[in-house]
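A.B. asks: Before I ask anything, here is the structure I am working with.
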There are 2 protein chains.
Amino acid sequence: MSVSEPGEGSRAVELLELTAHERRQHLIRVATEIFPAVGADGLTLDRVATASGAPVSLVRTCFPTADALLSAGLAEALDELGERLLPFLNLPPSDAARRSVLEYVRWAEERRDAFRCVASAGSRHGIGDLVAAVRAQTVRLIVGELHHPQVDQAPAALRIAVTGWLSFASAAILARAELGAPDLETLADQLVVALAGAIRAAGDEEGAERVAASGPAAS
Amino acid sequence: MSVSEPGEGSRAVELLELTAHERRQHLIRVATEIFPAVGADGLTLDRVATASGAPVSLVRTCFPTADALLSAGLAEALDELGERLLPFLNLPPSDAARRSVLEYVRWAEERRDAFRCVASAGSRHGIGDLVAAVRAQTVRLIVGELHHPQVDQAPAALRIAVTGWLSFASAAILARAELGAPDLETLADQLVVALAGAIRAAGDEEGAERVAASGPAAS
């Protein structure tokens, strides 16, 4: 902590001056900041309180549990992703694929901590459910674009391909962050071509063609 | 518990009659049995003790912590996988791909609990490291088969493709188990073709051809 930073007391006062909504946003930001160091299992209200310079009792008035805080932060990040993808949903499938994948890759880069949390949220209760719901919704959306409006009636192989590809994309984004290459546009192109390949491997040649036919990712 | 089952006392005695190695194997088996119900985070020595009918003090002589027990069980399952894949490593790459993927899919089906643990092991300390090491080793192996003996010198896009595909395969296997279709041979074929597609998407046309050239999975 640098000497010019305010002490804990003044930061608690600052927190009290915020509206309830602003206070929650602030705590989500603090939790996001310490998340890389502590991990999902290490995120506790005590740690968030310490990092924010506020007493844990004040933190608890905003979020009753660390899971509630984590879920709220994740829901906020996923809402932002949804809003960023919305403009692409009415495009023809080929454009929609490439543009929305690029936007997803950019979101994952900008909200890296939230993304890591989504990608690793396996066991922690509440978050796992939230992530599973968003994944199921995304599978429904992609399978719908491939002319299967009822996901339950789509071929099992296609559902498996799209479900698998979502995990492929997560792992690829994390691997790219670690390797530092290629750039986000190139990665997005690679992911779209891999999606086409996965759909082809599921026996849906026409769907694969439609996805692969999308032009180079718009920047 | 059915009335014909022995009481806790007699099971503790039974455990004491085993060798140290057998006792550890027995506890790993018990932990594997309760794993689907309790999850990685819910697996504690107390729960394993209750399920095995032995006092926790006896369990603790075998494994000091639940993480140690979980890691030992996982290591055992992964060792078994390694042994099952060994015979395919000296085959030409095309055969190796299809046969080892099929064997992996079969292992995942037979050791479903261990596989779920591997697939979901994100946060829990010790297990996450073990799974990450096995994944890194598998990436090295596959990238090596694609004429890049030094994984550090392989193109980033290819490393990303193979890393992503491992997650694809995990998610696909879990999705297949949930959907109940297709059969394991068909899934293995789909995974191999998807791997070829992912390698092609990474710009390695020749590597993709070699993987895709493999014949139908041997049963």
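Please note that chains go A, B, ... in the order of the structure tokens, that every chain numbers its residues from 1, and that ligands are numbered from 1 in the order shown.
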When you look at His26 of chain A with a cut-off of 12 Å (counting only C-alpha atoms), what residues show up, excluding the ones that are within fewer than 2 positions of it in the same chain? I need them as a ChimeraX atom specification.
C.D. replies: /A:11-12,14-24,28-33,48-49,51-54,59,62-63,69,72-73
A.B. asks: I need the alpha helix (DSSP H) residues of segment 16-168 of chain A per DSSP on the backbone, written as a ChimeraX atom specification.
C.D. replies: /A:16-17,20-42,45-52,56-62,66-85,93-110,112-120,127-145,156-168
A.B. asks: Sorted by chain and rising residue number, which residues of chain B lie within 8 Å of chain A, and what are their closest atom pairs and distances in Å to one decimal, counting only C-alpha atoms, as CSV?
C.D. replies:
residue,atom,partner,partner_atom,distance
B:Gly39,CA,A:Ser123,CA,7.2
B:Ala40,CA,A:Ser123,CA,6.9
B:Asp41,CA,A:Ser123,CA,6.6
B:Ser120,CA,A:Gly122,CA,5.3
B:Ala121,CA,A:Gly122,CA,7.1
B:Gly122,CA,A:Ser120,CA,5.3
B:Ser123,CA,A:Asp41,CA,6.7
B:Arg124,CA,A:Asp41,CA,7.7
B:Ala156,CA,A:Ala181,CA,6.2
B:Ala157,CA,A:Pro182,CA,6.8
B:Arg159,CA,A:Ala175,CA,7.9
B:Ile160,CA,A:Ala172,CA,5.1
B:Ala161,CA,A:Ala172,CA,6.7
B:Thr163,CA,A:Ala171,CA,6.5
B:Gly164,CA,A:Phe168,CA,4.1
B:Trp165,CA,A:Phe168,CA,5.6
B:Leu166,CA,A:Phe168,CA,7.5
B:Ser167,CA,A:Phe168,CA,5.4
B:Phe168,CA,A:Gly164,CA,4.1
B:Ala169,CA,A:Gly164,CA,6.5
B:Ser170,CA,A:Gly164,CA,7.5
B:Ala171,CA,A:Gly164,CA,4.9
B:Ala172,CA,A:Gly164,CA,4.9
B:Ala175,CA,A:Ile160,CA,5.7
B:Arg176,CA,A:Ile160,CA,6.5
B:Leu179,CA,A:Ala156,CA,6.7
B:Ala181,CA,A:Ala156,CA,6.2
B:Pro182,CA,A:Ala156,CA,6.7
B:Leu187,CA,A:Ala157,CA,7.8
B:Gln190,CA,A:Ala201,CA,5.2
B:Leu191,CA,A:Ala201,CA,7.5
B:Val193,CA,A:Ala201,CA,5.2
B:Ala194,CA,A:Ala198,CA,4.8
B:Ala196,CA,A:Gly197,CA,7.8
B:Gly197,CA,A:Gly197,CA,4.4
B:Ala198,CA,A:Ala194,CA,4.8
B:Arg200,CA,A:Ala194,CA,7.8
B:Ala201,CA,A:Val193,CA,5.2
B:Ala202,CA,A:Gln190,CA,6.1
A.B. asks: So how far away is atom CA of Arg111 of chain B from atom CA of Leu184 of chain B, in Å?
C.D. replies: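 Going from atom CA of Leu184 of chain B over to atom CA of Arg111 of chain B, I get 13.9 Å.
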A.B. asks: Please compute the atom CA of Leu146 of chain A-atom CA of Ala97 of chain A distance, one decimal, in Å.
C.D. replies: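 Taking atom CA of Leu146 of chain A and atom CA of Ala97 of chain A, their separation equals 11.0 Å.
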A.B. asks: Give me, as a list of chain:residue names, all polymer residues having an atom no more than 10 Å from Arg84 of chain A, counting only C-alpha atoms and skipping those fewer than 5 positions away in the same chain.
C.D. replies: A:Leu78, A:Asp79, A:Ser100, A:Glu103, A:Tyr104, A:Trp107
A.B. asks: Residues of the last selection are to be written out with N, CA and C atoms, as a PDB file, in the first residue's frame.
C.D. replies:
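That gives us again_39.pdb:
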ATOM      1  N   LEU A  78     -21.680 -11.368 -17.123  1.00  0.00           N
ATOM      2  CA  LEU A  78     -22.385 -12.121 -18.167  1.00  0.00           C
ATOM      3  C   LEU A  78     -23.469 -11.265 -18.816  1.00  0.00           C
ATOM      4  N   ASP A  79     -24.108 -10.402 -18.021  1.00  0.00           N
ATOM      5  CA  ASP A  79     -25.082  -9.465 -18.586  1.00  0.00           C
ATOM      6  C   ASP A  79     -24.413  -8.562 -19.610  1.00  0.00           C
ATOM      7  N   SER A 100     -19.821 -12.438 -33.399  1.00  0.00           N
ATOM      8  CA  SER A 100     -20.106 -12.662 -31.984  1.00  0.00           C
ATOM      9  C   SER A 100     -18.954 -13.404 -31.315  1.00  0.00           C
ATOM     10  N   GLU A 103     -16.435 -10.771 -30.550  1.00  0.00           N
ATOM     11  CA  GLU A 103     -16.865  -9.957 -29.409  1.00  0.00           C
ATOM     12  C   GLU A 103     -16.682 -10.729 -28.098  1.00  0.00           C
ATOM     13  N   TYR A 104     -16.964 -12.009 -28.152  1.00  0.00           N
ATOM     14  CA  TYR A 104     -16.783 -12.864 -26.968  1.00  0.00           C
ATOM     15  C   TYR A 104     -15.313 -12.908 -26.556  1.00  0.00           C
ATOM     16  N   TRP A 107     -14.407  -9.617 -24.996  1.00  0.00           N
ATOM     17  CA  TRP A 107     -14.956  -9.544 -23.638  1.00  0.00           C
ATOM     18  C   TRP A 107     -14.094 -10.363 -22.681  1.00  0.00           C
TER      19      TRP A 107
END
